[in-house]
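Source file work_2.pdb; content: PDB, C-alpha atoms.
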ATOM      1  CA  MET H1476      10.511  24.314  30.313
ATOM      2  CA  GLU H1477      13.135  22.235  28.538
ATOM      3  CA  VAL H1478      13.835  23.094  24.895
ATOM      4  CA  LYS H1479      13.128  20.036  22.735
ATOM      5  CA  HIS H1480      12.986  21.599  19.259
ATOM      6  CA  ILE H1481      14.812  24.232  17.259
ATOM      7  CA  ILE H1482      13.201  26.491  14.679
ATOM      8  CA  ASN H1483      14.133  25.996  11.024
ATOM      9  CA  GLU H1484      13.208  29.348   9.480
ATOM     10  CA  ASN H1485      13.786  28.212   5.881
ATOM     11  CA  LEU H1486      11.398  25.253   6.067
ATOM     12  CA  LYS H1487       9.094  26.896   8.641
ATOM     13  CA  ARG H1488       9.116  23.984  11.068
ATOM     14  CA  LEU H1489      10.314  22.893  14.495
ATOM     15  CA  GLU H1490      13.010  20.230  14.258
ATOM     16  CA  PRO H1491      13.670  17.909  17.207
ATOM     17  CA  ILE H1492      16.849  18.175  19.240
ATOM     18  CA  ALA H1493      16.386  14.758  20.857
ATOM     19  CA  LYS H1494      17.640  12.016  18.581
ATOM     20  CA  HIS H1495      15.891   9.018  20.171
ATOM     21  CA  CYS H1496      13.133   7.516  17.978
ATOM     22  CA  VAL H1497       9.663   7.909  19.509
ATOM     23  CA  TYR H1498       8.215   5.020  17.499
ATOM     24  CA  CYS H1499      10.534   2.096  18.322
ATOM     25  CA  CYS H1500      12.331   3.595  21.352
ATOM     26  CA  GLU H1501      15.462   1.713  20.275
ATOM     27  CA  ARG H1502      17.466   3.742  17.745
ATOM     28  CA  ASP H1503      18.429   7.350  17.092
ATOM     29  CA  PHE H1504      17.705   9.167  13.848
ATOM     30  CA  GLU H1505      20.635  10.291  11.750
ATOM     31  CA  ASP H1506      18.877  12.594   9.280
ATOM     32  CA  VAL H1507      16.197  15.099  10.291
ATOM     33  CA  ASN H1508      14.295  14.280   7.078
ATOM     34  CA  THR H1509      13.397  10.846   8.475
ATOM     35  CA  CYS H1510      11.407  12.557  11.230
ATOM     36  CA  TYR H1511       7.639  12.722  10.962
ATOM     37  CA  PHE H1512       6.413  16.310  10.780
ATOM     38  CA  VAL H1513       2.901  16.709  12.117
ATOM     39  CA  PRO H1514       1.000  19.898  11.222
ATOM     40  CA  LEU H1515      -0.698  21.771  14.052
ATOM     41  CA  PHE H1516      -3.153  24.636  13.582
ATOM     42  CA  ALA H1517      -4.261  27.560  15.740
ATOM     43  CA  GLU H1518      -7.181  29.784  14.859
ATOM     44  CA  LYS H1519      -6.213  33.473  14.788
ATOM     45  CA  ASP H1520      -9.374  35.208  13.596
ATOM     46  CA  ARG H1521     -12.852  34.182  12.503
ATOM     47  CA  THR H1522     -15.356  36.301  10.565
ATOM     48  CA  ASN H1523     -18.981  35.206  10.342
ATOM     49  CA  VAL H1524     -21.212  37.639   8.500
ATOM     50  CA  ILE H1525     -24.531  36.524   7.026
ATOM     51  CA  VAL H1526     -23.145  35.942   3.520
ATOM     52  CA  TYR H1527     -19.409  35.877   4.223
ATOM     53  CA  ARG H1528     -17.342  33.500   6.326
ATOM     54  CA  GLN H1529     -13.584  33.538   6.754
ATOM     55  CA  VAL H1530     -11.079  32.007   9.143
ATOM     56  CA  LYS H1531      -7.437  32.934   9.580
ATOM     57  CA  PHE H1532      -5.113  30.468  11.234
ATOM     58  CA  SER H1533      -1.485  29.682  11.941
ATOM     59  CA  LYS H1534       0.162  26.428  10.931
ATOM     60  CA  ILE H1535       3.330  24.914  12.313
ATOM     61  CA  LEU H1536       5.109  21.631  11.556
ATOM     62  CA  ILE H1537       6.466  19.824  14.600
ATOM     63  CA  GLY H1538       9.201  17.220  14.053
ATOM     64  CA  ILE H1539       8.730  13.896  15.813
ATOM     65  CA  PRO H1540      12.003  11.933  16.122
ATOM     66  CA  ARG H1541      11.871   8.838  13.897
ATOM     67  CA  CYS H1542      14.712   6.566  12.806
ATOM     68  CA  GLN H1543      15.300   5.388   9.244
ATOM     69  CA  SER H1544      13.974   1.902  10.002
ATOM     70  CA  CYS H1545      10.671   3.183  11.401
ATOM     71  CA  MET H1546      10.267   5.582   8.464
ATOM     72  CA  GLU H1547      10.729   2.670   6.056
ATOM     73  CA  ILE H1548       8.201   0.559   7.989
ATOM     74  CA  HIS H1549       5.665   3.421   7.905
ATOM     75  CA  ASP H1550       6.184   4.021   4.179
ATOM     76  CA  SER H1551       6.049   0.308   3.351
ATOM     77  CA  ALA H1552       2.876  -0.169   5.392
ATOM     78  CA  ASN H1553       1.212   2.780   3.644
ATOM     79  CA  ASN H1554       2.124   1.385   0.222
ATOM     80  CA  LYS H1555       0.949  -2.140   1.086
ATOM     81  CA  GLY H1556      -2.267  -0.784   2.604
ATOM     82  CA  ARG H1557      -2.995   1.281  -0.499
ATOM     83  CA  ILE H1558      -2.358  -1.660  -2.859
ATOM     84  CA  ILE H1559      -4.463  -4.127  -0.868
ATOM     85  CA  ALA H1560      -7.342  -1.712  -0.223
ATOM     86  CA  TRP H1561      -7.599  -0.579  -3.839
ATOM     87  CA  SER H1562      -7.325  -4.172  -5.069
ATOM     88  CA  ILE H1563     -10.311  -5.048  -2.893
ATOM     89  CA  GLY H1564     -12.146  -1.950  -4.133
ATOM     90  CA  PHE H1565     -11.550  -2.784  -7.796
ATOM     91  CA  LEU H1566     -12.549  -6.409  -7.201
ATOM     92  CA  ILE H1567     -15.877  -5.257  -5.725
ATOM     93  CA  ILE H1568     -16.447  -2.959  -8.708
ATOM     94  CA  ALA H1569     -15.531  -5.712 -11.198
ATOM     95  CA  LEU H1570     -17.894  -8.195  -9.538
ATOM     96  CA  ALA H1571     -20.688  -5.624  -9.559
ATOM     97  CA  ILE H1572     -20.157  -4.854 -13.255
ATOM     98  CA  PHE H1573     -20.114  -8.573 -13.998
ATOM     99  CA  THR H1574     -23.736  -8.872 -12.719
ATOM    100  CA  MET H1575     -24.944  -6.365 -15.378
ATOM    101  CA  GLN H1576     -27.629  -5.092 -13.003
ATOM    102  CA  PRO H1577     -27.743  -1.259 -12.911
ATOM    103  CA  TYR H1578     -28.497  -0.976  -9.184
ATOM    104  CA  VAL H1579     -25.879  -3.572  -8.279
ATOM    105  CA  ILE H1580     -23.317  -1.773 -10.473
ATOM    106  CA  ALA H1581     -24.088   1.589  -8.827
ATOM    107  CA  PHE H1582     -23.885   0.073  -5.341
ATOM    108  CA  GLY H1583     -20.725  -1.852  -6.301
ATOM    109  CA  ILE H1584     -18.960   1.274  -7.550
ATOM    110  CA  LEU H1585     -19.850   3.117  -4.349
ATOM    111  CA  ALA H1586     -18.782   0.175  -2.168
ATOM    112  CA  GLY H1587     -15.546  -0.252  -4.137
ATOM    113  CA  LEU H1588     -14.603   3.397  -3.764
ATOM    114  CA  LEU H1589     -15.426   3.362  -0.053
ATOM    115  CA  ALA H1590     -13.347   0.200   0.392
ATOM    116  CA  GLY H1591     -10.403   1.729  -1.465
ATOM    117  CA  PHE H1592     -10.391   4.910   0.581
ATOM    118  CA  GLY H1593     -11.555   3.495   3.901
ATOM    119  CA  LEU H1594      -9.444   0.380   4.134
ATOM    120  CA  THR H1595      -6.161   2.043   3.145
ATOM    121  CA  ILE H1596      -5.543   3.629   6.537
ATOM    122  CA  TYR H1597      -6.898   0.656   8.490
ATOM    123  CA  ILE H1598      -4.691  -1.885   6.689
ATOM    124  CA  ALA H1599      -1.604   0.339   6.931
ATOM    125  CA  ASP H1600      -2.194   0.796  10.665
ATOM    126  CA  ARG H1601      -2.493  -2.995  11.093
ATOM    127  CA  PHE H1602       0.869  -3.545   9.361
ATOM    128  CA  ILE H1603       2.476  -0.898  11.583
ATOM    129  CA  TYR H1604       0.860  -2.314  14.731
ATOM    130  CA  ASP H1605       2.065  -5.821  13.835
ATOM    131  CA  LYS H1606       5.644  -4.480  13.804
ATOM    132  CA  GLY H1607       5.140  -3.172  17.346
ATOM    133  CA  LEU H1608       5.252   0.511  16.409
ATOM    134  CA  TYR H1609       2.985   3.512  16.761
ATOM    135  CA  ASN H1610       1.499   4.885  13.567
ATOM    136  CA  PRO H1611       2.831   8.379  12.714
ATOM    137  CA  LYS H1612      -0.089  10.262  14.263
ATOM    138  CA  GLN H1613      -0.090   8.201  17.481
ATOM    139  CA  GLY H1614       3.605   8.861  17.949
ATOM    140  CA  ALA H1615       3.004  12.564  17.416
ATOM    141  CA  LYS H1616       0.209  12.622  20.011
ATOM    142  CA  ASN H1617       2.611  11.142  22.578
ATOM    143  CA  ASP H1618       5.228  13.869  22.038
ATOM    144  CA  GLU H1619       5.471  16.311  24.970
ATOM    145  CA  THR H1620       5.816  19.407  22.784
ATOM    146  CA  VAL H1621       2.762  18.471  20.738
ATOM    147  CA  GLN H1622       0.753  17.736  23.904
ATOM    148  CA  GLU H1623       1.719  21.112  25.341
ATOM    149  CA  LEU H1624       0.703  22.942  22.154
ATOM    150  CA  VAL H1625      -2.638  21.096  22.032
ATOM    151  CA  ILE H1626      -3.305  22.088  25.654
ATOM    152  CA  ASN H1627      -2.571  25.707  24.646
ATOM    153  CA  GLY H1628      -5.194  25.711  21.884
ATOM    154  CA  TRP H1629      -3.468  24.177  18.864
ATOM    155  CA  SER H1630      -5.278  21.450  16.951
ATOM    156  CA  PHE H1631      -4.536  18.566  14.556
ATOM    157  CA  THR H1632      -7.404  19.664  12.292
ATOM    158  CA  GLN H1633      -7.254  22.698  10.043
ATOM    159  CA  PRO H1634      -9.921  25.302  10.888
ATOM    160  CA  SER H1635     -12.524  25.962   8.212
ATOM    161  CA  ALA H1636     -14.980  28.787   7.699
TER     162      ALA H1636
END
Show me, as structure tokens, the structure contained in the file I just sent.
Amino acid sequence: MEVKHIINENLKRLEPIAKHCVYCCERDFEDVNTCYFVPLFAEKDRTNVIVYRQVKFSKILIGIPRCQSCMEIHDSANNKGRIIAWSIGFLIIALAIFTMQPYVIAFGILAGLLAGFGLTIYIADRFIYDKGLYNPKQGAKNDETVQELVINGWSFTQPSA
């Protein structure tokens, strides 16, 4: 097996050796801090007693090579997505309050909050897709080291009791 990452003991993460950006496939990264670090989890021990539940797990951060330009596109898309989604959410809430109907206000607040949270990721992903890039998680799923760890039992979701 070819070594693709080195261990950074201080930051407790695997940093990529390969410099070529996974997201645009055009440029190399110059600073390891522009990389996307995806957390992976492995369950170590689980206790399920009638009144007590506990899970112990390991967590590791895997660095996915990403150039400065792609990092800026990802960050910009996340900011734009958040602003647009929450603007829509607040507009829904404002329109509901304007009706002065209690049930409409309650439904409007719920719909506005759902729009703010739900649309943020969708809109950000659309901006990223329009630039011809993978979103951070898609790029991580395509990384060979991450795929190998997932096959060996690691997961993108944190275990819960």
What lies within 9 Å of stretch 1512-1516 of chain H using all atoms listed in the file, ignoring chain neighbours under 3 positions off, as a PyMOL selection string?
chain H and resi 1488-1490+1508+1532-1540+1611-1612+1615+1621+1624-1625+1628-1634
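Atom pair atom CA of H:Asp1600 / atom CA of H:Ala1552: separated by 7.4 Å.
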Please write as a ChimeraX atom specification the full residue list that the PyMOL selection byres ((chain H and resi 1498) around 10) yields on this file.
/H:1495-1497,1499-1502,1539-1542,1544-1546,1607-1611,1613-1615,1617
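Between atom CA of H:Tyr1511 and atom CA of H:Glu1623 lies a distance of 17.7 Å.
Our summary of the geometry notes that atom CA of H:Tyr1604 is positioned 19.5 Å from atom CA of H:Phe1592.
Among the candidates H:Asp1503, H:Asp1618, H:Gly1587, H:Gly1556, the one nearest to H:Ala1571 when counting all atoms listed in the file is H:Gly1587.
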Given the file shown, enumerate the residues that the PyMOL selection byres ((chain H and resi 1594) around 12) captures and present them as a PyMOL selection string.
chain H and resi 1553+1555-1564+1586-1593+1595-1601
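When all atoms listed in the file are used to measure the gap to H:Lys1479, the shortest distance among H:Val1526, H:Ser1635, H:Glu1619, H:Lys1606 belongs to H:Glu1619.
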Residue neighbourhood H:Asp1520, 9 Å, only C-alpha atoms, exclusion window fewer than 5 positions, as a PyMOL selection string:
chain H and resi 1529-1532
